[in-house]
file model_14.cif (mmCIF, C-alpha atoms)
data_structure
#
loop_
_atom_site.group_PDB
_atom_site.id
_atom_site.type_symbol
_atom_site.label_atom_id
_atom_site.label_comp_id
_atom_site.auth_asym_id
_atom_site.auth_seq_id
_atom_site.Cartn_x
_atom_site.Cartn_y
_atom_site.Cartn_z
ATOM 1 C CA MET O 1 8.301 -43.352 -68.661
ATOM 2 C CA SER O 2 7.935 -39.758 -67.508
ATOM 3 C CA SER O 3 6.106 -39.350 -64.250
ATOM 4 C CA GLY O 4 3.674 -36.815 -62.848
ATOM 5 C CA ILE O 5 1.291 -34.512 -64.688
ATOM 6 C CA GLN O 6 2.129 -33.597 -68.273
ATOM 7 C CA PRO O 7 0.936 -30.275 -69.804
ATOM 8 C CA ALA O 8 -0.807 -32.094 -72.666
ATOM 9 C CA ASP O 9 -2.850 -34.078 -70.139
ATOM 10 C CA LEU O 10 -4.732 -30.986 -68.953
ATOM 11 C CA GLY O 11 -6.473 -30.203 -72.220
ATOM 12 C CA PHE O 12 -7.060 -33.872 -72.922
ATOM 13 C CA PHE O 13 -8.752 -34.462 -69.586
ATOM 14 C CA SER O 14 -10.881 -31.307 -69.856
ATOM 15 C CA THR O 15 -12.130 -32.456 -73.268
ATOM 16 C CA LEU O 16 -12.766 -35.970 -71.960
ATOM 17 C CA ALA O 17 -14.810 -34.695 -69.015
ATOM 18 C CA SER O 18 -16.871 -32.377 -71.221
ATOM 19 C CA ALA O 19 -17.525 -35.111 -73.790
ATOM 20 C CA GLY O 20 -18.920 -37.500 -71.179
ATOM 21 C CA SER O 21 -17.633 -40.707 -72.737
ATOM 22 C CA LEU O 22 -14.486 -42.136 -74.271
ATOM 23 C CA SER O 23 -16.073 -42.470 -77.713
ATOM 24 C CA ALA O 24 -17.400 -38.899 -77.701
ATOM 25 C CA ALA O 25 -13.990 -37.607 -76.640
ATOM 26 C CA ALA O 26 -12.385 -39.627 -79.430
ATOM 27 C CA ARG O 27 -14.655 -37.983 -82.014
ATOM 28 C CA GLU O 28 -13.881 -34.525 -80.655
ATOM 29 C CA LEU O 29 -10.127 -35.145 -80.507
ATOM 30 C CA GLY O 30 -10.032 -36.834 -83.904
ATOM 31 C CA ILE O 31 -8.475 -40.059 -82.619
ATOM 32 C CA THR O 32 -9.696 -43.573 -81.945
ATOM 33 C CA THR O 33 -11.483 -44.663 -78.786
ATOM 34 C CA PRO O 34 -8.655 -47.101 -77.876
ATOM 35 C CA ALA O 35 -6.213 -44.199 -78.180
ATOM 36 C CA VAL O 36 -8.297 -42.166 -75.722
ATOM 37 C CA SER O 37 -8.433 -45.116 -73.342
ATOM 38 C CA LYS O 38 -4.666 -45.600 -73.591
ATOM 39 C CA HIS O 39 -3.946 -41.914 -72.934
ATOM 40 C CA LEU O 40 -6.218 -41.956 -69.882
ATOM 41 C CA ALA O 41 -4.576 -45.124 -68.551
ATOM 42 C CA LEU O 42 -1.120 -43.545 -68.924
ATOM 43 C CA MET O 43 -2.307 -40.428 -67.058
ATOM 44 C CA GLU O 44 -3.668 -42.526 -64.200
ATOM 45 C CA SER O 45 -0.446 -44.535 -64.096
ATOM 46 C CA ARG O 46 1.641 -41.371 -63.865
ATOM 47 C CA VAL O 47 -0.400 -39.764 -61.063
ATOM 48 C CA GLY O 48 -1.005 -43.051 -59.253
ATOM 49 C CA VAL O 49 -4.777 -42.657 -58.746
ATOM 50 C CA LEU O 50 -7.932 -43.596 -60.632
ATOM 51 C CA LEU O 51 -9.418 -40.507 -62.319
ATOM 52 C CA VAL O 52 -12.385 -41.996 -64.157
ATOM 53 C CA ASN O 53 -14.873 -44.746 -63.348
ATOM 54 C CA ARG O 54 -15.544 -46.599 -66.590
ATOM 55 C CA SER O 55 -18.492 -48.711 -67.659
ATOM 56 C CA THR O 56 -19.710 -50.013 -70.988
ATOM 57 C CA ARG O 57 -22.152 -47.127 -71.529
ATOM 58 C CA ARG O 58 -20.964 -44.219 -69.438
ATOM 59 C CA MET O 59 -18.126 -42.830 -67.393
ATOM 60 C CA SER O 60 -17.933 -40.690 -64.270
ATOM 61 C CA LEU O 61 -15.113 -38.877 -62.536
ATOM 62 C CA THR O 62 -13.745 -40.124 -59.253
ATOM 63 C CA PRO O 63 -13.258 -37.559 -56.443
ATOM 64 C CA GLU O 64 -9.615 -37.369 -57.520
ATOM 65 C CA GLY O 65 -10.762 -36.871 -61.108
ATOM 66 C CA GLU O 66 -13.042 -33.999 -60.053
ATOM 67 C CA LEU O 67 -10.116 -32.347 -58.266
ATOM 68 C CA TYR O 68 -7.848 -32.900 -61.279
ATOM 69 C CA LEU O 69 -10.459 -31.391 -63.607
ATOM 70 C CA GLU O 70 -10.995 -28.324 -61.418
ATOM 71 C CA HIS O 71 -7.306 -27.474 -61.383
ATOM 72 C CA ALA O 72 -6.773 -28.396 -65.045
ATOM 73 C CA ARG O 73 -9.462 -25.981 -66.186
ATOM 74 C CA ARG O 74 -8.164 -23.214 -63.939
ATOM 75 C CA ILE O 75 -4.639 -23.658 -65.303
ATOM 76 C CA LEU O 76 -5.883 -23.725 -68.896
ATOM 77 C CA GLY O 77 -7.844 -20.546 -68.258
ATOM 78 C CA GLU O 78 -4.764 -18.839 -66.840
ATOM 79 C CA ILE O 79 -2.735 -19.897 -69.893
ATOM 80 C CA ASP O 80 -5.372 -18.373 -72.180
ATOM 81 C CA GLY O 81 -5.288 -15.190 -70.119
ATOM 82 C CA MET O 82 -1.484 -15.028 -70.269
ATOM 83 C CA GLU O 83 -1.563 -15.408 -74.055
ATOM 84 C CA GLU O 84 -4.008 -12.528 -74.284
ATOM 85 C CA LEU O 85 -1.896 -10.313 -72.002
ATOM 86 C CA LEU O 86 1.223 -11.069 -74.060
ATOM 87 C CA GLY O 87 -0.607 -10.417 -77.325
ATOM 88 C CA LEU O 88 -0.104 -14.001 -78.488
ATOM 89 C CA SER O 89 -3.781 -14.522 -79.293
ATOM 90 C CA LYS O 90 -6.150 -12.622 -81.539
ATOM 91 C CA ALA O 91 -8.164 -11.577 -78.480
ATOM 92 C CA THR O 92 -11.006 -13.915 -79.394
ATOM 93 C CA PRO O 93 -12.861 -14.692 -76.146
ATOM 94 C CA LYS O 94 -12.098 -18.256 -75.169
ATOM 95 C CA GLY O 95 -11.237 -20.403 -72.201
ATOM 96 C CA LEU O 96 -12.774 -20.930 -68.788
ATOM 97 C CA LEU O 97 -14.848 -18.119 -67.227
ATOM 98 C CA ARG O 98 -15.851 -18.590 -63.587
ATOM 99 C CA VAL O 99 -18.887 -16.481 -62.657
ATOM 100 C CA ASN O 100 -20.572 -15.957 -59.296
ATOM 101 C CA ALA O 101 -23.941 -14.315 -58.647
ATOM 102 C CA THR O 102 -26.552 -14.202 -55.910
ATOM 103 C CA LEU O 103 -29.228 -16.890 -55.849
ATOM 104 C CA GLY O 104 -32.339 -15.086 -57.027
ATOM 105 C CA PHE O 105 -30.760 -12.524 -59.339
ATOM 106 C CA GLY O 106 -28.349 -15.075 -60.749
ATOM 107 C CA ARG O 107 -31.131 -17.533 -61.505
ATOM 108 C CA SER O 108 -33.544 -15.061 -63.082
ATOM 109 C CA HIS O 109 -31.204 -12.591 -64.809
ATOM 110 C CA VAL O 110 -27.579 -13.757 -65.057
ATOM 111 C CA ALA O 111 -28.165 -17.377 -66.134
ATOM 112 C CA PRO O 112 -30.331 -16.442 -69.173
ATOM 113 C CA LEU O 113 -27.703 -13.913 -70.283
ATOM 114 C CA ILE O 114 -24.964 -16.554 -70.005
ATOM 115 C CA SER O 115 -27.023 -18.754 -72.328
ATOM 116 C CA ARG O 116 -26.986 -15.970 -74.928
ATOM 117 C CA PHE O 117 -23.333 -15.152 -74.260
ATOM 118 C CA VAL O 118 -22.020 -18.659 -74.999
ATOM 119 C CA ARG O 119 -24.015 -18.755 -78.244
ATOM 120 C CA LYS O 120 -22.165 -15.613 -79.301
ATOM 121 C CA TYR O 121 -18.793 -16.818 -77.969
ATOM 122 C CA PRO O 122 -18.817 -20.632 -78.225
ATOM 123 C CA GLN O 123 -15.115 -20.926 -77.327
ATOM 124 C CA VAL O 124 -15.812 -19.678 -73.804
ATOM 125 C CA GLU O 125 -16.677 -22.262 -71.163
ATOM 126 C CA VAL O 126 -18.703 -20.711 -68.358
ATOM 127 C CA GLN O 127 -19.050 -22.107 -64.843
ATOM 128 C CA LEU O 128 -21.789 -20.302 -62.901
ATOM 129 C CA GLN O 129 -22.032 -20.632 -59.128
ATOM 130 C CA LEU O 130 -24.894 -19.078 -57.196
ATOM 131 C CA SER O 131 -24.508 -18.185 -53.531
ATOM 132 C CA VAL O 132 -26.503 -16.415 -50.841
ATOM 133 C CA ASN O 133 -23.718 -13.946 -50.086
ATOM 134 C CA PRO O 134 -21.022 -12.681 -52.490
ATOM 135 C CA PRO O 135 -17.610 -14.255 -51.898
ATOM 136 C CA SER O 136 -14.673 -12.143 -50.808
ATOM 137 C CA PRO O 137 -13.138 -10.661 -53.977
ATOM 138 C CA THR O 138 -9.632 -11.148 -52.601
ATOM 139 C CA GLU O 139 -10.070 -14.931 -52.514
ATOM 140 C CA ASP O 140 -9.828 -15.012 -56.335
ATOM 141 C CA LEU O 141 -12.260 -17.914 -56.645
ATOM 142 C CA PHE O 142 -14.047 -16.378 -59.624
ATOM 143 C CA ASP O 143 -13.191 -14.345 -62.708
ATOM 144 C CA VAL O 144 -16.324 -12.180 -62.461
ATOM 145 C CA CYS O 145 -18.775 -11.682 -59.591
ATOM 146 C CA VAL O 146 -22.140 -10.030 -60.255
ATOM 147 C CA ARG O 147 -23.241 -8.364 -57.038
ATOM 148 C CA PHE O 148 -25.312 -5.564 -55.542
ATOM 149 C CA GLY O 149 -23.225 -2.616 -54.382
ATOM 150 C CA ALA O 150 -19.562 -1.808 -54.944
ATOM 151 C CA PRO O 151 -17.046 -3.618 -52.722
ATOM 152 C CA PRO O 152 -14.608 -1.444 -50.748
ATOM 153 C CA ASP O 153 -11.452 -3.298 -51.803
ATOM 154 C CA SER O 154 -9.303 -1.185 -54.144
ATOM 155 C CA ARG O 155 -7.391 -4.204 -55.440
ATOM 156 C CA ILE O 156 -10.305 -5.217 -57.635
ATOM 157 C CA ILE O 157 -12.310 -3.509 -60.357
ATOM 158 C CA ALA O 158 -16.001 -2.855 -59.768
ATOM 159 C CA ARG O 159 -17.863 -1.737 -62.885
ATOM 160 C CA ASN O 160 -21.369 -0.376 -62.468
ATOM 161 C CA ILE O 161 -23.406 -2.241 -65.092
ATOM 162 C CA ALA O 162 -26.959 -1.300 -64.070
ATOM 163 C CA ALA O 163 -28.750 1.156 -61.809
ATOM 164 C CA ASN O 164 -30.931 -0.449 -59.177
ATOM 165 C CA ARG O 165 -33.014 0.682 -56.191
ATOM 166 C CA ARG O 166 -34.492 -1.108 -53.245
ATOM 167 C CA LEU O 167 -38.213 -0.442 -52.993
ATOM 168 C CA LEU O 168 -40.883 -1.147 -50.404
ATOM 169 C CA CYS O 169 -43.860 -2.989 -51.826
ATOM 170 C CA ALA O 170 -46.893 -5.066 -50.893
ATOM 171 C CA ALA O 171 -49.854 -6.760 -52.529
ATOM 172 C CA PRO O 172 -53.022 -4.647 -52.858
ATOM 173 C CA SER O 173 -54.910 -7.278 -50.851
ATOM 174 C CA TYR O 174 -52.567 -6.841 -47.881
ATOM 175 C CA LEU O 175 -52.809 -3.039 -47.935
ATOM 176 C CA ALA O 176 -56.606 -3.183 -48.229
ATOM 177 C CA LYS O 177 -56.704 -5.289 -45.077
ATOM 178 C CA ARG O 178 -53.982 -3.624 -42.986
ATOM 179 C CA GLY O 179 -53.898 -0.061 -44.292
ATOM 180 C CA ILE O 180 -51.283 1.988 -46.138
ATOM 181 C CA PRO O 181 -48.253 3.264 -44.175
ATOM 182 C CA LYS O 182 -47.892 7.051 -44.269
ATOM 183 C CA VAL O 183 -44.543 7.504 -42.490
ATOM 184 C CA PRO O 184 -41.624 5.092 -41.826
ATOM 185 C CA ASN O 185 -42.599 4.482 -38.193
ATOM 186 C CA ASP O 186 -45.941 3.052 -39.402
ATOM 187 C CA LEU O 187 -43.984 0.008 -40.566
ATOM 188 C CA THR O 188 -43.649 -1.128 -36.946
ATOM 189 C CA LYS O 189 -47.400 -1.849 -36.978
ATOM 190 C CA HIS O 190 -47.195 -4.005 -40.101
ATOM 191 C CA ASN O 191 -46.125 -7.534 -40.944
ATOM 192 C CA CYS O 192 -42.780 -7.082 -42.732
ATOM 193 C CA ILE O 193 -41.206 -9.925 -44.666
ATOM 194 C CA GLY O 194 -37.548 -10.367 -43.696
ATOM 195 C CA ILE O 195 -34.648 -11.383 -45.923
ATOM 196 C CA ARG O 196 -31.450 -12.575 -44.259
ATOM 197 C CA GLN O 197 -28.729 -11.751 -46.787
ATOM 198 C CA GLY O 198 -25.271 -10.238 -46.607
ATOM 199 C CA GLU O 199 -23.931 -8.497 -43.541
ATOM 200 C CA GLU O 200 -26.721 -5.944 -43.160
ATOM 201 C CA ALA O 201 -28.553 -5.800 -39.849
ATOM 202 C CA PHE O 202 -31.505 -8.128 -40.167
ATOM 203 C CA GLY O 203 -34.907 -6.476 -39.895
ATOM 204 C CA VAL O 204 -33.592 -2.892 -39.865
ATOM 205 C CA TRP O 205 -34.913 -0.836 -42.781
ATOM 206 C CA ARG O 206 -33.419 2.588 -43.480
ATOM 207 C CA LEU O 207 -35.567 5.177 -45.201
ATOM 208 C CA ALA O 208 -34.489 8.698 -46.069
ATOM 209 C CA SER O 209 -36.344 11.874 -46.895
ATOM 210 C CA GLY O 210 -34.342 14.234 -49.083
ATOM 211 C CA ARG O 211 -31.016 13.669 -50.802
ATOM 212 C CA GLY O 212 -27.397 14.590 -50.192
ATOM 213 C CA ARG O 213 -26.712 16.899 -47.247
ATOM 214 C CA ASN O 214 -30.429 17.436 -46.722
ATOM 215 C CA ALA O 215 -31.128 13.736 -46.278
ATOM 216 C CA ASN O 216 -32.743 12.648 -43.038
ATOM 217 C CA THR O 217 -32.496 8.895 -42.522
ATOM 218 C CA GLU O 218 -34.697 6.875 -40.191
ATOM 219 C CA ALA O 219 -33.821 3.344 -39.112
ATOM 220 C CA VAL O 220 -36.944 1.279 -38.483
ATOM 221 C CA LYS O 221 -36.793 -2.040 -36.665
ATOM 222 C CA THR O 222 -39.355 -4.178 -38.447
ATOM 223 C CA ARG O 223 -40.938 -7.430 -37.397
ATOM 224 C CA GLY O 224 -43.039 -10.114 -39.018
ATOM 225 C CA ASN O 225 -43.826 -13.808 -39.024
ATOM 226 C CA LEU O 226 -41.975 -14.672 -42.253
ATOM 227 C CA ALA O 227 -38.252 -14.537 -43.061
ATOM 228 C CA THR O 228 -35.996 -16.284 -45.566
ATOM 229 C CA ASN O 229 -32.550 -16.076 -47.151
ATOM 230 C CA ASP O 230 -34.037 -16.473 -50.653
ATOM 231 C CA GLY O 231 -35.306 -13.310 -52.321
ATOM 232 C CA GLU O 232 -37.557 -15.158 -54.769
ATOM 233 C CA ILE O 233 -39.399 -16.841 -51.920
ATOM 234 C CA ALA O 234 -39.825 -13.486 -50.169
ATOM 235 C CA VAL O 235 -41.305 -11.948 -53.326
ATOM 236 C CA ASN O 236 -43.762 -14.839 -53.630
ATOM 237 C CA TRP O 237 -44.864 -14.323 -50.033
ATOM 238 C CA ALA O 238 -45.473 -10.659 -50.761
ATOM 239 C CA LEU O 239 -47.475 -11.606 -53.859
ATOM 240 C CA ASP O 240 -49.574 -13.891 -51.653
ATOM 241 C CA GLY O 241 -50.464 -10.903 -49.465
ATOM 242 C CA HIS O 242 -48.458 -11.775 -46.355
ATOM 243 C CA GLY O 243 -46.839 -8.403 -45.758
ATOM 244 C CA ILE O 244 -44.560 -5.559 -46.827
ATOM 245 C CA LEU O 245 -41.238 -6.346 -48.495
ATOM 246 C CA MET O 246 -38.082 -4.364 -49.279
ATOM 247 C CA ARG O 247 -36.648 -5.721 -52.495
ATOM 248 C CA ALA O 248 -34.465 -4.681 -55.430
ATOM 249 C CA GLU O 249 -36.394 -3.021 -58.248
ATOM 250 C CA TRP O 250 -34.986 -5.516 -60.779
ATOM 251 C CA ASP O 251 -36.772 -8.340 -58.944
ATOM 252 C CA ILE O 252 -40.188 -6.734 -58.525
ATOM 253 C CA GLU O 253 -40.467 -4.278 -61.443
ATOM 254 C CA ARG O 254 -42.690 -6.574 -63.531
ATOM 255 C CA TYR O 255 -45.098 -7.016 -60.604
ATOM 256 C CA LEU O 256 -45.286 -3.264 -60.060
ATOM 257 C CA ARG O 257 -46.133 -2.835 -63.749
ATOM 258 C CA ASN O 258 -48.943 -5.389 -63.732
ATOM 259 C CA GLY O 259 -50.325 -4.241 -60.386
ATOM 260 C CA ARG O 260 -49.733 -7.440 -58.413
ATOM 261 C CA LEU O 261 -47.529 -5.353 -56.117
ATOM 262 C CA VAL O 262 -47.723 -1.639 -55.318
ATOM 263 C CA GLN O 263 -45.003 0.603 -53.963
ATOM 264 C CA VAL O 264 -45.199 1.575 -50.298
ATOM 265 C CA LEU O 265 -43.901 4.920 -48.988
ATOM 266 C CA PRO O 266 -42.731 5.999 -52.483
ATOM 267 C CA GLN O 267 -41.850 9.484 -51.184
ATOM 268 C CA TYR O 268 -39.005 8.006 -49.120
ATOM 269 C CA PHE O 269 -35.668 6.775 -50.445
ATOM 270 C CA THR O 270 -34.310 3.372 -49.549
ATOM 271 C CA PRO O 271 -30.622 2.347 -49.985
ATOM 272 C CA ASP O 272 -29.419 2.027 -53.569
ATOM 273 C CA ALA O 273 -28.365 -1.408 -54.751
ATOM 274 C CA ASP O 274 -26.677 -0.796 -58.099
ATOM 275 C CA ILE O 275 -25.497 -3.909 -59.917
ATOM 276 C CA TYR O 276 -21.737 -4.306 -60.293
ATOM 277 C CA ALA O 277 -19.464 -6.678 -62.171
ATOM 278 C CA VAL O 278 -16.468 -7.252 -59.915
ATOM 279 C CA TYR O 279 -13.184 -8.773 -61.067
ATOM 280 C CA PRO O 280 -9.477 -8.704 -60.109
ATOM 281 C CA GLN O 281 -7.286 -6.118 -61.842
ATOM 282 C CA ARG O 282 -5.139 -8.814 -63.384
ATOM 283 C CA HIS O 283 -8.183 -10.133 -65.275
ATOM 284 C CA GLN O 284 -9.189 -6.835 -66.846
ATOM 285 C CA LEU O 285 -7.298 -7.477 -70.094
ATOM 286 C CA ALA O 286 -8.562 -11.035 -70.571
ATOM 287 C CA ALA O 287 -10.769 -11.074 -73.669
ATOM 288 C CA ARG O 288 -13.335 -13.419 -72.134
ATOM 289 C CA VAL O 289 -13.721 -11.174 -69.056
ATOM 290 C CA ARG O 290 -13.978 -7.964 -71.103
ATOM 291 C CA ALA O 291 -16.475 -9.540 -73.491
ATOM 292 C CA PHE O 292 -18.643 -10.913 -70.689
ATOM 293 C CA VAL O 293 -18.743 -7.695 -68.664
ATOM 294 C CA ASP O 294 -19.499 -5.637 -71.801
ATOM 295 C CA PHE O 295 -22.217 -8.125 -72.741
ATOM 296 C CA LEU O 296 -23.805 -7.861 -69.288
ATOM 297 C CA ALA O 297 -23.720 -4.052 -69.298
ATOM 298 C CA LEU O 298 -25.285 -3.807 -72.765
ATOM 299 C CA SER O 299 -27.940 -6.420 -71.995
ATOM 300 C CA PHE O 300 -28.982 -4.741 -68.736
ATOM 301 C CA THR O 301 -29.129 -1.345 -70.465
ATOM 302 C CA GLN O 302 -31.357 -2.787 -73.174
ATOM 303 C CA GLN O 303 -33.591 -4.479 -70.604
ATOM 304 C CA ALA O 304 -33.962 -1.251 -68.616
ATOM 305 C CA ALA O 305 -34.806 0.698 -71.762
ATOM 306 C CA GLY O 306 -37.356 -1.913 -72.777
ATOM 307 C CA ALA O 307 -39.017 -1.811 -69.365
ATOM 308 C CA LYS O 308 -39.567 1.949 -69.699
ATOM 309 C CA THR O 309 -41.253 1.763 -73.123
#

call {"tool": "encode", "arguments": {"input": "model_14.cif", "output": "structure tokens"}}
result
Amino acid sequence: MSSGIQPADLGFFSTLASAGSLSAAARELGITTPAVSKHLALMESRVGVLLVNRSTRRMSLTPEGELYLEHARRILGEIDGMEELLGLSKATPKGLLRVNATLGFGRSHVAPLISRFVRKYPQVEVQLQLSVNPPSPTEDLFDVCVRFGAPPDSRIIARNIAANRRLLCAAPSYLAKRGIPKVPNDLTKHNCIGIRQGEEAFGVWRLASGRGRNANTEAVKTRGNLATNDGEIAVNWALDGHGILMRAEWDIERYLRNGRLVQVLPQYFTPDADIYAVYPQRHQLAARVRAFVDFLALSFTQQAAGAKT
């Protein structure tokens, strides 16, 4: 008997894990349930570890099975990408697509778009991971990262898929009670809601008057009794009237439209936070990556146009 991991085992195990049971995998593979069980037993015999915990009604992966699945899907995705690069496929988006996005934006904007994307491209399997801070692009943990701001690394591609600004805002009830700031330094007298994200200096807000060479930027050290690493929580605190918040326009635009929040110091410019799709150069020709990035860019453009009408 041959030993070790066989190439055919990778696709089999990925299908088995997705199906959730031996019988469901059998239906998908077009074989009998005993045949699935026998193939799995042979795999486990070859690698020398138990990959699946079996019961009469359900199955679950062992820690070794989870590790096997993670690497199997990555390898299968790389094979799909190689076929596309060599022109061996018809460039139909398929295979594993690993996506990373920030917590709040990923939950409210990226996840719903992925739902629509996989309906359009059912052969693509998407794994979405949300994180407080964007991972280092050079680690190659993901195929596409959706992030605010372009990374400085030239070894990756950063495509601007949507314009975005950071705005200062507060609830009308807060401003009625505490007054409306007139100049940046007035913020030091207000309760400012802090967000601990990325590598930016916490609690330092930069506001500029003018653009380009005529810009004059002021750095204001803010303070307040509320801080979080979750943008959605910070927005909710602002809605409750607890203080002034600096937040991306994409996250607060609907509240500015309905009047639950109002812009503060609108005559000053805060740092841009354009939305980028970031991916390694070697992934740029993969059909699933191209299709996903194009889908994101078009969807965000349509959303922005709809918000202005």

call {"tool": "axis_aligned_box", "arguments": {"input": "model_14.cif", "around": "segment 181-193 of chain O", "padding_each_side": "6 Å", "output": "AutoDock Vina command-line options"}}
result
--center_x -44.7 --center_y -1.2 --center_z -40.8 --size_x 19.0 --size_y 29.4 --size_z 19.7

call {"tool": "closest_residue", "arguments": {"input": "model_14.cif", "among": "O:Phe295, O:Val220, O:Ala111, O:Leu167", "to": "Val235 of chain O", "atoms": "all atoms listed in the file"}}
result
O:Leu167

call {"tool": "atom_distance", "arguments": {"input": "model_14.cif", "atom1": "atom CA of Phe148 of chain O", "atom2": "atom CA of Leu226 of chain O"}}
result
23.2 Å

call {"tool": "resolve_selection", "arguments": {"input": "model_14.cif", "expression": "the PyMOL selection byres ((chain O and resi 124) around 10)", "output": "VMD selection string"}}
result
chain O and resid 77 92 to 97 117 to 123 125 to 127 287 to 289 292

call {"tool": "resolve_selection", "arguments": {"input": "model_14.cif", "expression": "the PyMOL selection byres ((chain O and resi 219) around 7)", "output": "list in words"}}
result
Val204, Trp205, Arg206, Leu207, Thr217, Glu218, Val220 and Lys221 of chain O

call {"tool": "residues_around", "arguments": {"input": "model_14.cif", "residues": "Asn258 of chain O", "least_positions_apart": "3", "cutoff": "12 Å", "atoms": "only C-alpha atoms", "output": "PyMOL selection string"}}
result
chain O and resi 171-172+239+252-255+261-262+307

call {"tool": "residues_around", "arguments": {"input": "model_14.cif", "residues": "Gln129 of chain O", "least_positions_apart": "3", "cutoff": "9 Å", "atoms": "all atoms listed in the file", "output": "number ranges by chain"}}
result
O: 98-103, 106

call {"tool": "write_last_selection", "arguments": {"input": "model_14.cif", "atoms": "C-alpha atoms", "output": "CSV table (one decimal), in the coordinates of the input"}}
result
chain,number,residue,atom,x,y,z
O,98,ARG,CA,-15.9,-18.6,-63.6
O,99,VAL,CA,-18.9,-16.5,-62.7
O,100,ASN,CA,-20.6,-16.0,-59.3
O,101,ALA,CA,-23.9,-14.3,-58.6
O,102,THR,CA,-26.6,-14.2,-55.9
O,103,LEU,CA,-29.2,-16.9,-55.8
O,106,GLY,CA,-28.3,-15.1,-60.7
